[in-house]
Amino acid sequence: MKLPVRFVLGTKNLYLFLISTALLLYGLYSYFDAVLFYFHKESPVDIGTALEPKAKALADLKDGDFVKIRGIRSLQGGVVEEGFAKKKHMLYFFLGSPQFVVLEPMSEKKEENTGGVYVTLSGRIYNFKTSGTAAKYRAFFDKSYGITMAEEGWFLYGGKIPGADTSAIAIFATLIVLLLLNIFLAIRTLRPKPEPEYYHTDDDGEEA
């Protein structure tokens, strides 16, 4: 069925629509994992202790899994600022184990941000070999302290708890609204394609 009027999107509007849509879809893809984790219902995987981790639990781990582990903070480490609020985190490894590097939010009580303390920590875990962020923090100890962590090890992002980070939900919802608005504006800019004009060959354009 041929439509009586064919609608088209202007070239400039088309390019703008495609670029903005691609960026918004990429943003949604980037935050999709964080949104899924926000609604995560299962209890953390108990790895055990850093000195004697559970082999079966480690073998089944995947990047981003929610885990729980116990260990002693190292005295060597650093301070990392993250996010728009520049929230400070402690970077350390568990004493006696080259397998685990940890990034943990610093407490407002300074006396709680010390090394040599036995802690139980929950968060999301990432493998040194598959995560660029994990590999970067692993390399920090080699460059700064000459401490070589295991190649087959893990980076624990402590404090990442399901239902705690609402910023990811807010950003994801905002991106959805922007995507719908982008589609709406693209539809608003549609215009009818002009019909071609036809002239008779014997029409010289002069009146009799």
# chains A, B, ... in the order shown; residues from 1 in each chain; ligands from 1
call {"tool": "residues_around", "arguments": {"residues": "stretch 87-97 of chain A", "least_positions_apart": "2", "cutoff": "6 Å", "atoms": "only C-alpha atoms", "output": "list in words"}}
result
Leu51, Gly71, Ile72, Arg73, Ser74, Gly77, Gly78, Val79, Val80, Glu81, Glu82, Ala85, Gln99, Phe100, Val101, Val102, Leu103, Glu104, Pro105 and Met106 of chain A
call {"tool": "write_last_selection", "arguments": {"atoms": "C-alpha atoms", "output": "PDB file, in the first residue's frame"}}
result
ATOM      1  CA  LEU A  51      44.417 -17.105  53.981  1.00  0.00           C
ATOM      2  CA  GLY A  71      41.055 -11.116  56.334  1.00  0.00           C
ATOM      3  CA  ILE A  72      43.612  -8.762  57.869  1.00  0.00           C
ATOM      4  CA  ARG A  73      44.259  -5.413  56.206  1.00  0.00           C
ATOM      5  CA  SER A  74      47.823  -4.805  55.086  1.00  0.00           C
ATOM      6  CA  GLY A  77      48.314   0.681  50.629  1.00  0.00           C
ATOM      7  CA  GLY A  78      46.938   3.965  49.416  1.00  0.00           C
ATOM      8  CA  VAL A  79      43.956   6.296  49.333  1.00  0.00           C
ATOM      9  CA  VAL A  80      41.740   6.524  46.230  1.00  0.00           C
ATOM     10  CA  GLU A  81      39.118   9.213  45.597  1.00  0.00           C
ATOM     11  CA  GLU A  82      36.135   8.201  43.488  1.00  0.00           C
ATOM     12  CA  ALA A  85      31.840  13.597  45.700  1.00  0.00           C
ATOM     13  CA  GLN A  99      45.323 -13.251  45.860  1.00  0.00           C
ATOM     14  CA  PHE A 100      43.181 -10.360  47.066  1.00  0.00           C
ATOM     15  CA  VAL A 101      43.442  -6.599  46.584  1.00  0.00           C
ATOM     16  CA  VAL A 102      40.729  -4.552  48.266  1.00  0.00           C
ATOM     17  CA  LEU A 103      39.227  -1.101  47.790  1.00  0.00           C
ATOM     18  CA  GLU A 104      37.118  -0.209  50.817  1.00  0.00           C
ATOM     19  CA  PRO A 105      35.238   3.033  51.620  1.00  0.00           C
ATOM     20  CA  MET A 106      36.921   4.923  54.432  1.00  0.00           C
TER      21      MET A 106
END
call {"tool": "atom_distance", "arguments": {"atom1": "atom CA of A:Val45", "atom2": "atom CA of A:Phe66"}}
result
6.3 Å
call {"tool": "closest_residue", "arguments": {"among": "A:Thr174, A:Trp154, A:Tyr15, A:Ala50", "to": "A:Arg124", "atoms": "only C-alpha atoms"}}
result
A:Trp154
call {"tool": "atom_distance", "arguments": {"atom1": "atom CA of A:Gln76", "atom2": "atom CA of A:Phe141"}}
result
8.2 Å
call {"tool": "closest_residue", "arguments": {"among": "A:Gly115, A:Ala57, A:Asp65, A:Glu52", "to": "A:Asp33", "atoms": "only C-alpha atoms"}}
result
A:Asp65
call {"tool": "decode", "arguments": {"residues": "stretch 10-140 of chain A", "atoms": "C-alpha atoms", "output": "PDB file, in the first residue's frame"}}
result
ATOM      1  CA  GLY A  10      16.069  16.184   7.361  1.00  0.00           C
ATOM      2  CA  THR A  11      19.719  15.206   6.849  1.00  0.00           C
ATOM      3  CA  LYS A  12      21.011  17.249   9.776  1.00  0.00           C
ATOM      4  CA  ASN A  13      18.240  16.028  12.036  1.00  0.00           C
ATOM      5  CA  LEU A  14      18.888  12.452  10.946  1.00  0.00           C
ATOM      6  CA  TYR A  15      22.586  12.627  11.850  1.00  0.00           C
ATOM      7  CA  LEU A  16      21.819  14.277  15.184  1.00  0.00           C
ATOM      8  CA  PHE A  17      19.168  11.659  15.953  1.00  0.00           C
ATOM      9  CA  LEU A  18      21.472   8.738  15.136  1.00  0.00           C
ATOM     10  CA  ILE A  19      24.438  10.093  17.120  1.00  0.00           C
ATOM     11  CA  SER A  20      22.390  11.026  20.180  1.00  0.00           C
ATOM     12  CA  THR A  21      20.549   7.692  20.099  1.00  0.00           C
ATOM     13  CA  ALA A  22      23.826   5.772  19.907  1.00  0.00           C
ATOM     14  CA  LEU A  23      25.238   7.703  22.881  1.00  0.00           C
ATOM     15  CA  LEU A  24      22.105   7.193  24.966  1.00  0.00           C
ATOM     16  CA  LEU A  25      21.988   3.471  24.183  1.00  0.00           C
ATOM     17  CA  TYR A  26      25.650   3.140  25.145  1.00  0.00           C
ATOM     18  CA  GLY A  27      24.906   4.923  28.416  1.00  0.00           C
ATOM     19  CA  LEU A  28      22.018   2.561  29.130  1.00  0.00           C
ATOM     20  CA  TYR A  29      24.257  -0.411  28.367  1.00  0.00           C
ATOM     21  CA  SER A  30      26.961   0.934  30.702  1.00  0.00           C
ATOM     22  CA  TYR A  31      24.575   1.250  33.652  1.00  0.00           C
ATOM     23  CA  PHE A  32      22.530  -1.874  32.993  1.00  0.00           C
ATOM     24  CA  ASP A  33      24.760  -4.096  35.139  1.00  0.00           C
ATOM     25  CA  ALA A  34      24.594  -1.647  38.066  1.00  0.00           C
ATOM     26  CA  VAL A  35      20.792  -1.597  37.805  1.00  0.00           C
ATOM     27  CA  LEU A  36      20.624  -5.390  37.850  1.00  0.00           C
ATOM     28  CA  PHE A  37      22.927  -5.479  40.875  1.00  0.00           C
ATOM     29  CA  TYR A  38      20.735  -2.947  42.684  1.00  0.00           C
ATOM     30  CA  PHE A  39      17.885  -5.493  42.607  1.00  0.00           C
ATOM     31  CA  HIS A  40      20.126  -8.469  43.441  1.00  0.00           C
ATOM     32  CA  LYS A  41      18.328 -10.647  46.021  1.00  0.00           C
ATOM     33  CA  GLU A  42      20.769 -13.463  46.762  1.00  0.00           C
ATOM     34  CA  SER A  43      23.129 -13.528  49.749  1.00  0.00           C
ATOM     35  CA  PRO A  44      26.837 -12.911  49.082  1.00  0.00           C
ATOM     36  CA  VAL A  45      28.993 -15.876  48.125  1.00  0.00           C
ATOM     37  CA  ASP A  46      31.057 -16.744  51.197  1.00  0.00           C
ATOM     38  CA  ILE A  47      34.673 -17.097  50.052  1.00  0.00           C
ATOM     39  CA  GLY A  48      35.896 -17.841  53.564  1.00  0.00           C
ATOM     40  CA  THR A  49      39.160 -16.267  54.719  1.00  0.00           C
ATOM     41  CA  ALA A  50      41.845 -14.679  52.555  1.00  0.00           C
ATOM     42  CA  LEU A  51      44.417 -17.105  53.981  1.00  0.00           C
ATOM     43  CA  GLU A  52      42.272 -20.178  53.323  1.00  0.00           C
ATOM     44  CA  PRO A  53      39.704 -19.304  50.650  1.00  0.00           C
ATOM     45  CA  LYS A  54      37.148 -21.870  49.573  1.00  0.00           C
ATOM     46  CA  ALA A  55      38.443 -23.434  46.356  1.00  0.00           C
ATOM     47  CA  LYS A  56      34.967 -24.302  45.043  1.00  0.00           C
ATOM     48  CA  ALA A  57      33.690 -20.755  45.641  1.00  0.00           C
ATOM     49  CA  LEU A  58      36.706 -19.222  43.860  1.00  0.00           C
ATOM     50  CA  ALA A  59      36.382 -21.565  40.898  1.00  0.00           C
ATOM     51  CA  ASP A  60      32.760 -20.522  40.322  1.00  0.00           C
ATOM     52  CA  LEU A  61      33.311 -16.758  40.647  1.00  0.00           C
ATOM     53  CA  LYS A  62      32.613 -14.365  37.792  1.00  0.00           C
ATOM     54  CA  ASP A  63      33.366 -10.661  37.449  1.00  0.00           C
ATOM     55  CA  GLY A  64      30.856  -8.584  39.394  1.00  0.00           C
ATOM     56  CA  ASP A  65      29.719 -11.366  41.741  1.00  0.00           C
ATOM     57  CA  PHE A  66      28.563 -10.350  45.213  1.00  0.00           C
ATOM     58  CA  VAL A  67      30.864 -11.949  47.799  1.00  0.00           C
ATOM     59  CA  LYS A  68      31.898 -11.941  51.451  1.00  0.00           C
ATOM     60  CA  ILE A  69      35.455 -12.503  52.703  1.00  0.00           C
ATOM     61  CA  ARG A  70      37.452 -12.164  55.918  1.00  0.00           C
ATOM     62  CA  GLY A  71      41.055 -11.116  56.334  1.00  0.00           C
ATOM     63  CA  ILE A  72      43.612  -8.762  57.869  1.00  0.00           C
ATOM     64  CA  ARG A  73      44.259  -5.413  56.206  1.00  0.00           C
ATOM     65  CA  SER A  74      47.823  -4.805  55.086  1.00  0.00           C
ATOM     66  CA  LEU A  75      49.796  -1.831  56.416  1.00  0.00           C
ATOM     67  CA  GLN A  76      50.856  -0.973  52.859  1.00  0.00           C
ATOM     68  CA  GLY A  77      48.314   0.681  50.629  1.00  0.00           C
ATOM     69  CA  GLY A  78      46.938   3.965  49.416  1.00  0.00           C
ATOM     70  CA  VAL A  79      43.956   6.296  49.333  1.00  0.00           C
ATOM     71  CA  VAL A  80      41.740   6.524  46.230  1.00  0.00           C
ATOM     72  CA  GLU A  81      39.118   9.213  45.597  1.00  0.00           C
ATOM     73  CA  GLU A  82      36.135   8.201  43.488  1.00  0.00           C
ATOM     74  CA  GLY A  83      32.925   9.709  42.170  1.00  0.00           C
ATOM     75  CA  PHE A  84      31.700  13.287  41.911  1.00  0.00           C
ATOM     76  CA  ALA A  85      31.840  13.597  45.700  1.00  0.00           C
ATOM     77  CA  LYS A  86      35.490  12.405  45.722  1.00  0.00           C
ATOM     78  CA  LYS A  87      34.674   9.814  48.362  1.00  0.00           C
ATOM     79  CA  LYS A  88      37.850   8.369  49.838  1.00  0.00           C
ATOM     80  CA  HIS A  89      38.612   4.648  49.754  1.00  0.00           C
ATOM     81  CA  MET A  90      41.396   2.583  51.315  1.00  0.00           C
ATOM     82  CA  LEU A  91      43.399   0.442  48.920  1.00  0.00           C
ATOM     83  CA  TYR A  92      45.128  -2.546  50.517  1.00  0.00           C
ATOM     84  CA  PHE A  93      45.622  -6.309  50.296  1.00  0.00           C
ATOM     85  CA  PHE A  94      44.889  -9.021  52.813  1.00  0.00           C
ATOM     86  CA  LEU A  95      47.969  -9.934  54.830  1.00  0.00           C
ATOM     87  CA  GLY A  96      49.434 -13.338  54.069  1.00  0.00           C
ATOM     88  CA  SER A  97      47.572 -13.677  50.779  1.00  0.00           C
ATOM     89  CA  PRO A  98      48.730 -12.434  47.357  1.00  0.00           C
ATOM     90  CA  GLN A  99      45.323 -13.251  45.860  1.00  0.00           C
ATOM     91  CA  PHE A 100      43.181 -10.360  47.066  1.00  0.00           C
ATOM     92  CA  VAL A 101      43.442  -6.599  46.584  1.00  0.00           C
ATOM     93  CA  VAL A 102      40.729  -4.552  48.266  1.00  0.00           C
ATOM     94  CA  LEU A 103      39.227  -1.101  47.790  1.00  0.00           C
ATOM     95  CA  GLU A 104      37.118  -0.209  50.817  1.00  0.00           C
ATOM     96  CA  PRO A 105      35.238   3.033  51.620  1.00  0.00           C
ATOM     97  CA  MET A 106      36.921   4.923  54.432  1.00  0.00           C
ATOM     98  CA  SER A 107      35.003   5.368  57.658  1.00  0.00           C
ATOM     99  CA  GLU A 108      34.292   8.832  59.078  1.00  0.00           C
ATOM    100  CA  LYS A 109      36.019   7.608  62.224  1.00  0.00           C
ATOM    101  CA  LYS A 110      39.738   7.831  61.488  1.00  0.00           C
ATOM    102  CA  GLU A 111      40.626   5.188  64.071  1.00  0.00           C
ATOM    103  CA  GLU A 112      38.714   2.618  62.001  1.00  0.00           C
ATOM    104  CA  ASN A 113      40.813   3.233  58.889  1.00  0.00           C
ATOM    105  CA  THR A 114      43.901   1.371  60.025  1.00  0.00           C
ATOM    106  CA  GLY A 115      45.929  -1.581  58.813  1.00  0.00           C
ATOM    107  CA  GLY A 116      46.564  -4.757  60.765  1.00  0.00           C
ATOM    108  CA  VAL A 117      42.862  -5.108  61.594  1.00  0.00           C
ATOM    109  CA  TYR A 118      40.809  -8.258  60.991  1.00  0.00           C
ATOM    110  CA  VAL A 119      37.725  -7.368  58.951  1.00  0.00           C
ATOM    111  CA  THR A 120      34.751  -9.062  57.335  1.00  0.00           C
ATOM    112  CA  LEU A 121      33.954  -7.360  54.057  1.00  0.00           C
ATOM    113  CA  SER A 122      31.223  -7.681  51.442  1.00  0.00           C
ATOM    114  CA  GLY A 123      31.315  -6.295  47.923  1.00  0.00           C
ATOM    115  CA  ARG A 124      31.728  -7.078  44.233  1.00  0.00           C
ATOM    116  CA  ILE A 125      34.716  -9.049  43.005  1.00  0.00           C
ATOM    117  CA  TYR A 126      36.684  -8.858  39.731  1.00  0.00           C
ATOM    118  CA  ASN A 127      39.485 -10.991  38.302  1.00  0.00           C
ATOM    119  CA  PHE A 128      42.943  -9.517  37.688  1.00  0.00           C
ATOM    120  CA  LYS A 129      43.039 -10.994  34.176  1.00  0.00           C
ATOM    121  CA  THR A 130      39.616  -9.956  32.914  1.00  0.00           C
ATOM    122  CA  SER A 131      39.099  -6.553  34.528  1.00  0.00           C
ATOM    123  CA  GLY A 132      41.224  -3.554  33.616  1.00  0.00           C
ATOM    124  CA  THR A 133      40.430  -1.854  36.910  1.00  0.00           C
ATOM    125  CA  ALA A 134      41.448  -4.959  38.863  1.00  0.00           C
ATOM    126  CA  ALA A 135      44.721  -5.194  36.927  1.00  0.00           C
ATOM    127  CA  LYS A 136      45.464  -1.514  37.613  1.00  0.00           C
ATOM    128  CA  TYR A 137      45.081  -1.870  41.380  1.00  0.00           C
ATOM    129  CA  ARG A 138      47.102  -5.100  41.342  1.00  0.00           C
ATOM    130  CA  ALA A 139      49.952  -3.285  39.571  1.00  0.00           C
ATOM    131  CA  PHE A 140      49.886  -0.488  42.172  1.00  0.00           C
TER     132      PHE A 140
END
